[in-house]
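> I have a structure here, written as structure tokens, and I will follow up with some questions on it.
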Amino acid sequence: MRDYLWVGGNSLIDLLSYILCITVIFSIPIKKNKIIVPIWLVISLGICLFCYAFVDYYNIYKLMPNICALLLIFVMDKKIKYYMRILSVIASWIIMDIGIGLFEQVATIMDGSYNGAGMYESTHSIVSRMIGLLIPFIYHIIVNILIKKKSNFSLYPWQLVVIIIFGIGILIIVPPINAMARGNTISNKFYIVMGAAFIIMHIIFVAIIFWQGYVMRKNETLKRKENSYKYMLETQEKYFEELLKNYNEIRKIRHDIRGHIVALREYANENADDKILQYLSDMEEKTNSLVAYKYVGNNAVDSVINDQVQQMKNIGIKFEFDGFCNVREDIKEFDLCTIFYNLIRNSMEACEKIDAKDKVIYVKVKNIGDKLGIYIKNETILKEIPSTGILVTTKKDKINHGLGTVSVRDVVSRYDGVYVNRIENGHFIANVVI
């Protein structure tokens, strides 16, 4: 009777650990009736005890909880694909069995005695399994509560496959090590298998590190693009607000024009030329204060340029624009905004370093056949451009700055265009043709 209680306790904890791993770690819900899980536990526990009693294999109770866990495949949410269900069950075996096995090994080391034949029947087994039940809850606290507050985190099928491969590798390596710990000798074949498992696991680990580096780099690029899109939307919103203000102001001027004419006629009758000029100057200042200019005829690009021009006014930089152009339909607004934003932004930063009273940024656009030509000139403290043609930022944060020229080159290369820059008579000159 004692043996059945012991086997039943171990099997029940194993079954609970698997379902917790599947529902908590892999976030796969059980969508059948709420009573299906208790029914599954009772039936599975009965199967484990039955096999222990009637199957002539002592360690059968170790295997049966794993087999019974496969029944969960048929009660998972129907939205989950079957291959994902199978992978999650196998991965739950790996995670929980390795975790419990690790706790058993630690308990054995702390106990100071090792007996391979009777270790499983010791109290280490039950205690280790109970501690193993904490694994899903620890995962839940770290990932579902802490991390998911910041991002939508979930495991992908390939990640489950990696977990399974590592689990298989551990299962290949650990038994021979246990055998050696008990003083048994192992054949050369086992050494070769262990070595191959170590090499494969090491290769996978290195591949994961490289892949993680690629993902982090890609995330940085996506974050920069997201910030650029956000900036475009904000500047376009400001641009259209300025257009609306401009339109309303024009309506007010049209409404008040008769009054202005009467006032100017009165000043004319008095021969008050100074008052007329001052009155006209006030009217001109009023009409110009809210103007949102059009530069290239594209709302998105014009909003970016208008935003940059406003910043130039705040820091005392004069902006000159010349030319007219037609933009091809195949040139995306985002790419065109990237070019103008980075070129003008770099020019503003260069002008800020110049100790001069009159700072000017000159931009000219024109069509060269069916292509768009962009010319920009500004004063600079640079004496020469690096041989790579890529400007290096002088700011302390070199990770998040100094990417403007690189971004422009990336866009230009996608359209098989040309980007060149040079230093001429103390001026930085950039030419883009796309």
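As shown in the structure tokens, the chain order sets the letters A, B, ...; within each chain, residues go from 1, and ligands are also counted from 1 in the order they appear.
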May I have all residues of stretch 245-368 of chain A that DSSP, computed from the backbone, assigns to strand (DSSP E), given as number ranges by chain?

A: 317-323, 359-368

> Taking C-alpha atoms for each residue, export the selection above as a compact mmCIF listing (two decimals), in the first residue's frame.


```txt
# COMPACT_ATOMS: atom_id res chain seq x y z
CA ILE A 317 19.36 79.95 -39.04
CA LYS A 318 18.04 81.32 -42.33
CA PHE A 319 16.50 78.87 -44.78
CA GLU A 320 16.55 79.39 -48.53
CA PHE A 321 14.67 77.15 -50.93
CA ASP A 322 14.73 77.22 -54.70
CA GLY A 323 13.25 75.17 -57.49
CA LYS A 359 23.88 81.14 -40.92
CA VAL A 360 22.18 79.92 -44.05
CA ILE A 361 20.97 76.55 -45.27
CA TYR A 362 20.29 76.50 -49.00
CA VAL A 363 18.20 73.77 -50.63
CA LYS A 364 17.45 73.42 -54.32
CA VAL A 365 15.33 70.79 -56.05
CA LYS A 366 14.83 70.09 -59.75
CA ASN A 367 13.96 67.31 -62.13
CA ILE A 368 16.74 65.67 -64.11
```

> Show which residues sit within 9 Å of A:Ile339, as a list in words. Count only C-alpha atoms, and ignore same-chain residues fewer than 5 positions away.

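Selected residues are Phe334, Ile344, Gly404, Thr405, Ser407, Val408, Arg409, Val411, Val412 and Val432 of chain A.
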
> Fewer than 6 positions away in the same chain doesn't count, so skip those; otherwise give me all residues within 12 Å of stretch 352-357 of chain A, counting only C-alpha atoms, as a list in words.

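Residues meeting the cut-off are Gln311, Met312, Asn314, Ile315, Gly316, Ile317, Lys318, Arg345, Asn346, Asn378, Glu379, Thr380, Ile381, Leu382, Thr394, Lys395, Gly426 and His427 of chain A.
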
> One number please: atom CA of A:Val406 to atom CA of A:Gly373, in Å, one decimal.

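Between these atoms lies a distance of 18.5 Å.
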
> Leaving out A:Pro29 and any residue of its chain fewer than 2 positions from it, which residues lie within 7 Å of it when counting only C-alpha atoms, given as a ChimeraX atom specification?

/A:23,27,31,76-77

> Within 12 Å of stretch 184-193 of chain A, counting only C-alpha atoms, which residues show up once you throw out same-chain ones fewer than 6 positions away? Write them as number ranges by chain, please.

A: 116, 168-178, 199-200

> Limited to N, CA, C and O atoms, could you put the picked residues into a file as a PDB file, in the first residue's frame?


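Printed below is result33.pdb as written:
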```
ATOM      1  N   GLY A 116      22.657   5.277  -6.786  1.00  0.00           N
ATOM      2  CA  GLY A 116      21.899   5.352  -8.023  1.00  0.00           C
ATOM      3  C   GLY A 116      20.697   4.455  -8.037  1.00  0.00           C
ATOM      4  O   GLY A 116      19.662   4.776  -8.586  1.00  0.00           O
ATOM      5  N   ILE A 168      17.035  16.578 -25.333  1.00  0.00           N
ATOM      6  CA  ILE A 168      17.554  15.291 -25.806  1.00  0.00           C
ATOM      7  C   ILE A 168      19.047  15.193 -25.545  1.00  0.00           C
ATOM      8  O   ILE A 168      19.570  14.146 -25.134  1.00  0.00           O
ATOM      9  N   GLY A 169      19.757  16.320 -25.789  1.00  0.00           N
ATOM     10  CA  GLY A 169      21.193  16.320 -25.534  1.00  0.00           C
ATOM     11  C   GLY A 169      21.511  16.052 -24.070  1.00  0.00           C
ATOM     12  O   GLY A 169      22.436  15.283 -23.755  1.00  0.00           O
ATOM     13  N   ILE A 170      20.734  16.648 -23.175  1.00  0.00           N
ATOM     14  CA  ILE A 170      20.956  16.415 -21.745  1.00  0.00           C
ATOM     15  C   ILE A 170      20.652  14.961 -21.376  1.00  0.00           C
ATOM     16  O   ILE A 170      21.379  14.336 -20.583  1.00  0.00           O
ATOM     17  N   LEU A 171      19.580  14.416 -21.978  1.00  0.00           N
ATOM     18  CA  LEU A 171      19.241  13.024 -21.702  1.00  0.00           C
ATOM     19  C   LEU A 171      20.321  12.065 -22.208  1.00  0.00           C
ATOM     20  O   LEU A 171      20.490  10.965 -21.676  1.00  0.00           O
ATOM     21  N   ILE A 172      21.036  12.468 -23.251  1.00  0.00           N
ATOM     22  CA  ILE A 172      22.129  11.639 -23.764  1.00  0.00           C
ATOM     23  C   ILE A 172      23.356  11.738 -22.862  1.00  0.00           C
ATOM     24  O   ILE A 172      24.070  10.756 -22.637  1.00  0.00           O
ATOM     25  N   ILE A 173      23.601  12.935 -22.322  1.00  0.00           N
ATOM     26  CA  ILE A 173      24.824  13.177 -21.568  1.00  0.00           C
ATOM     27  C   ILE A 173      24.723  12.711 -20.119  1.00  0.00           C
ATOM     28  O   ILE A 173      25.671  12.125 -19.565  1.00  0.00           O
ATOM     29  N   VAL A 174      23.577  12.969 -19.474  1.00  0.00           N
ATOM     30  CA  VAL A 174      23.469  12.738 -18.031  1.00  0.00           C
ATOM     31  C   VAL A 174      23.589  11.258 -17.635  1.00  0.00           C
ATOM     32  O   VAL A 174      24.315  10.938 -16.682  1.00  0.00           O
ATOM     33  N   PRO A 175      22.875  10.308 -18.307  1.00  0.00           N
ATOM     34  CA  PRO A 175      22.976   8.909 -17.855  1.00  0.00           C
ATOM     35  C   PRO A 175      24.407   8.359 -17.802  1.00  0.00           C
ATOM     36  O   PRO A 175      24.774   7.706 -16.807  1.00  0.00           O
ATOM     37  N   PRO A 176      25.246   8.568 -18.843  1.00  0.00           N
ATOM     38  CA  PRO A 176      26.631   8.097 -18.728  1.00  0.00           C
ATOM     39  C   PRO A 176      27.384   8.739 -17.567  1.00  0.00           C
ATOM     40  O   PRO A 176      28.202   8.091 -16.908  1.00  0.00           O
ATOM     41  N   ILE A 177      27.095  10.025 -17.309  1.00  0.00           N
ATOM     42  CA  ILE A 177      27.751  10.699 -16.180  1.00  0.00           C
ATOM     43  C   ILE A 177      27.317  10.068 -14.862  1.00  0.00           C
ATOM     44  O   ILE A 177      28.131   9.850 -13.955  1.00  0.00           O
ATOM     45  N   ASN A 178      26.018   9.756 -14.753  1.00  0.00           N
ATOM     46  CA  ASN A 178      25.531   9.076 -13.551  1.00  0.00           C
ATOM     47  C   ASN A 178      26.197   7.708 -13.383  1.00  0.00           C
ATOM     48  O   ASN A 178      26.535   7.288 -12.264  1.00  0.00           O
ATOM     49  N   ILE A 199      28.921  18.849 -28.797  1.00  0.00           N
ATOM     50  CA  ILE A 199      29.240  19.686 -29.961  1.00  0.00           C
ATOM     51  C   ILE A 199      27.964  20.262 -30.570  1.00  0.00           C
ATOM     52  O   ILE A 199      27.887  21.454 -30.892  1.00  0.00           O
ATOM     53  N   ILE A 200      26.948  19.418 -30.733  1.00  0.00           N
ATOM     54  CA  ILE A 200      25.690  19.885 -31.323  1.00  0.00           C
ATOM     55  C   ILE A 200      25.043  20.964 -30.465  1.00  0.00           C
ATOM     56  O   ILE A 200      24.584  21.998 -30.969  1.00  0.00           O
TER      57      ILE A 200
END
```
